[in-house]
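So the structure is just underneath, and the comments pick up after that.
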Amino acid sequence: GDSVTQMEGPVTLSEEAFLTINCTYTATGYPSLFWYVQYPGEGLQLLLKATKADDKGSNKGFEATYRKETTSFHLEKGSVQVSDSAVYFCALRSNQGGKLIFGQGTELSVKP
Amino acid sequence: DTEVTQTPKHLVMGMTNKKSLKCEQHMGHRAMYWYKQKAKKPPELMFVYSYEKLSINESVPSRFSPECPNSSLLNLHLHALQPEDSALYLCASSQSRPEKLFFGSGTQLSVL
């Protein structure tokens, strides 16, 4: 079945460091891919998405490119802030519709 | 209004109690969801309502009983819960095709 694998956390960075959180997926067909973020004490929020190969999703300085050849959707940000501290979930939805499949989540902690 | 509102934010209940969680959205979304989330784990889908009809039940124990009184409201009735049911319960909504889920902040449930 479809699945998503994320790098394990926690990831601890200093402010202004470069961030990469790896995400790879297994799916039949052409799924849509998502990054959701969960700040402490809150629900999940959609951060960015991509619906076809080579699409780049971007929001709030974060970017991720849909790479079909490597089945990846890695999240990047050039300069993280303390306020980016959160848990990040990679997710996919198959092109047949149906539920979101989430990765295990990666906790990011940014220190001043 | 782009919010999903959940009440209560916190709930402590005994194993013999009956309680209800409530969720409300006014975005005109026709799909509503209940998820269960353990700390720093991905959310697990429990139920999906589409056009006020239950469309997905992920083999959830009968001590959890969902209800969708109208297109804006979603309830989760709880009865005879177990301590392992303690978790964050998240409500979400989306347009009929779930390209983007809007999550509430959740109800943190503790079962004693």
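If you're wondering about the labels, chains in the structure tokens are A, B, ... by order shown, residues count from 1 in each chain, ligands from 1 in order shown.
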
Exercise. Could you please select, counting only C-alpha atoms, the residues of chain B within 10 Å of chain A and state them as a list in words?
Key: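 Result, ordered by chain then number: Val4, Lys9, Gln37, Lys40, Lys41, Pro42, Pro43, Glu44, Leu45, Val48, Ile56, Leu88, Tyr89, Leu90, Cys91, Ala92, Arg97, Pro98, Glu99, Lys100, Leu101, Phe102, Phe103, Gly104, Ser105, Gly106, Thr107 and Gln108 of chain B.
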
Check your understanding: Which residues come within 7 Å of Ala53 (chain A), counting only C-alpha atoms, excluding same-chain residues fewer than 3 positions away, as a PyMOL selection string?
Key -> chain A and resi 66-68

Please produce an output containing N, CA, C and O atoms for each residue in the selection, written as a tab-separated table (two decimals), in the first residue's frame.
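What follows is the written file part.tsv:
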chain	number	residue	atom	x	y	z
A	66	TYR	N	8.43	18.14	-6.05
A	66	TYR	CA	7.92	16.80	-6.32
A	66	TYR	C	8.86	16.13	-7.31
A	66	TYR	O	8.89	16.47	-8.49
A	67	ARG	N	9.63	15.16	-6.84
A	67	ARG	CA	10.60	14.46	-7.67
A	67	ARG	C	10.12	13.03	-7.89
A	67	ARG	O	10.26	12.17	-7.00
A	68	LYS	N	9.58	12.78	-9.07
A	68	LYS	CA	9.03	11.44	-9.31
A	68	LYS	C	10.16	10.41	-9.49
A	68	LYS	O	10.02	9.27	-9.07

What separates CA of Asn75 (chain B) and CA of Ala39 (chain B) is a distance of 22.3 Å

Residues within 10 Å of Gly1 (chain A), please, as a short mmCIF file (atom, residue, chain, number, x, y, z; two decimals) with N, CA, C and O atoms, in the first residue's frame. Count only C-alpha atoms; anything in the same chain fewer than 2 positions from it doesn't count.
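Result file follows (selection.cif):
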data_model
loop_
_atom_site.label_atom_id
_atom_site.label_comp_id
_atom_site.auth_asym_id
_atom_site.auth_seq_id
_atom_site.Cartn_x
_atom_site.Cartn_y
_atom_site.Cartn_z
N SER A 3 2.67 4.60 1.21
CA SER A 3 3.33 4.93 2.47
C SER A 3 4.23 6.14 2.29
O SER A 3 4.62 6.50 1.17
N THR A 26 6.03 5.91 -1.28
CA THR A 26 5.72 4.76 -2.13
C THR A 26 4.25 4.84 -2.47
O THR A 26 3.41 4.93 -1.56
N ALA A 27 3.94 4.86 -3.75
CA ALA A 27 2.54 4.95 -4.17
C ALA A 27 2.42 4.49 -5.61
O ALA A 27 3.37 4.60 -6.39
N THR A 28 1.25 3.99 -5.94
CA THR A 28 0.97 3.69 -7.35
C THR A 28 0.43 4.96 -7.99
O THR A 28 -0.21 5.79 -7.34
#

- 7 Å contact set for Ala64 (chain A), only C-alpha atoms, chain neighbours under 2 positions out, as a PyMOL selection string: chain A and resi 56-58+66+73-76

May I have the selected residues written with C-alpha atoms, as a short mmCIF file (atom, residue, chain, number, x, y, z; two decimals), in the first residue's frame?
data_model
loop_
_atom_site.label_atom_id
_atom_site.label_comp_id
_atom_site.auth_asym_id
_atom_site.auth_seq_id
_atom_site.Cartn_x
_atom_site.Cartn_y
_atom_site.Cartn_z
CA LYS A 56 7.43 23.15 -6.51
CA GLY A 57 5.30 24.06 -3.53
CA SER A 58 6.34 27.08 -1.48
CA TYR A 66 7.92 16.80 -6.32
CA PHE A 73 9.39 15.60 -1.56
CA HIS A 74 12.07 17.05 0.70
CA LEU A 75 11.25 20.19 2.70
CA GLU A 76 13.81 23.03 2.68
#

Discussion item. What parts of chain A does DSSP call strand (DSSP E or B)? I'd like the answer as a PyMOL selection string.
Written reply: chain A and resi 3-6+11-14+19-21+23-26+32-38+44-50+56-59+62-65+67+72+75-77+86-93+101-102+106-111

Notebook entry, point to check: Any idea what's packed within 12 Å of Gly61 (chain A), counting only C-alpha atoms, ignoring anything in its chain fewer than 6 positions away? Could you give it as an MDAnalysis selection string?
Noted result: chainID A and resid 16 18:19 47:48 75:81 84

Nearest-residue call for Lys18 (chain B), choices B:Gln95, B:His79, B:Ser71, B:Leu112, using only C-alpha atoms
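Closest candidate: B:His79.
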
Here CA of Gly14 (chain B) and CA of Ser72 (chain B) stand apart by 29.1 Å

For Pro83 (chain B): contacts at 10 Å, only C-alpha atoms, fewer than 5 positions along chain excluded, given as a list of chain:residue names =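 Residues near the query, excluding close chain neighbours: B:Met13, B:Gly14, B:Met15, B:Leu109, B:Ser110, B:Val111, B:Leu112.
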
Would you list the contacts of Lys53 (chain B) as a list in words, taking every protein, DNA or RNA residue within 10 Å and counting only C-alpha atoms, but skipping same-chain residues closer than 2 positions in sequence? Arg30, Ala31, Met32, Val48, Tyr49, Ser50, Tyr51, Ser55, Ile56, Glu67, Cys68, Pro69, Asn70 and Ser71 of chain B

Restricting the output to N, CA and C atoms, write the selected residues as a CSV table (one decimal), in the first residue's frame.
chain,number,residue,atom,x,y,z
B,30,ARG,N,-18.1,20.2,2.8
B,30,ARG,CA,-19.0,19.1,2.9
B,30,ARG,C,-18.4,17.8,3.4
B,31,ALA,N,-17.1,17.9,3.7
B,31,ALA,CA,-16.5,16.7,4.3
B,31,ALA,C,-15.9,17.1,5.7
B,32,MET,N,-16.2,16.2,6.7
B,32,MET,CA,-15.7,16.5,8.0
B,32,MET,C,-15.1,15.2,8.6
B,48,VAL,N,-15.0,9.7,8.6
B,48,VAL,CA,-15.2,10.7,7.6
B,48,VAL,C,-16.7,10.8,7.4
B,49,TYR,N,-17.2,12.0,7.4
B,49,TYR,CA,-18.5,12.3,6.9
B,49,TYR,C,-18.5,13.1,5.6
B,50,SER,N,-19.2,12.7,4.7
B,50,SER,CA,-19.3,13.4,3.4
B,50,SER,C,-20.8,13.7,3.1
B,51,TYR,N,-21.1,15.0,2.9
B,51,TYR,CA,-22.5,15.4,2.8
B,51,TYR,C,-23.3,14.8,3.9
B,55,SER,N,-19.0,8.1,5.7
B,55,SER,CA,-18.5,7.5,4.5
B,55,SER,C,-17.3,6.6,4.8
B,56,ILE,N,-16.6,6.9,5.9
B,56,ILE,CA,-15.5,6.0,6.3
B,56,ILE,C,-15.5,5.8,7.8
B,67,GLU,N,-21.4,11.7,15.1
B,67,GLU,CA,-22.7,12.2,14.7
B,67,GLU,C,-22.5,13.5,13.9
B,68,CYS,N,-23.3,13.7,12.8
B,68,CYS,CA,-23.2,14.9,12.0
B,68,CYS,C,-24.6,15.5,11.9
B,69,PRO,N,-25.0,16.3,12.9
B,69,PRO,CA,-26.4,16.9,12.9
B,69,PRO,C,-26.7,17.7,11.7
B,70,ASN,N,-25.7,18.5,11.2
B,70,ASN,CA,-25.9,19.3,9.9
B,70,ASN,C,-24.5,19.5,9.3
B,71,SER,N,-24.5,20.2,8.2
B,71,SER,CA,-23.3,20.4,7.4
B,71,SER,C,-22.2,21.2,8.1

| query | B:Gln25, B:Thr5, B:Ser93, B:Asn17: which is nearest Arg63 (chain B), counting only C-alpha atoms? | reply |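 Looking only at the distances to Arg63 (chain B), the closest residue turns out to be B:Asn17.
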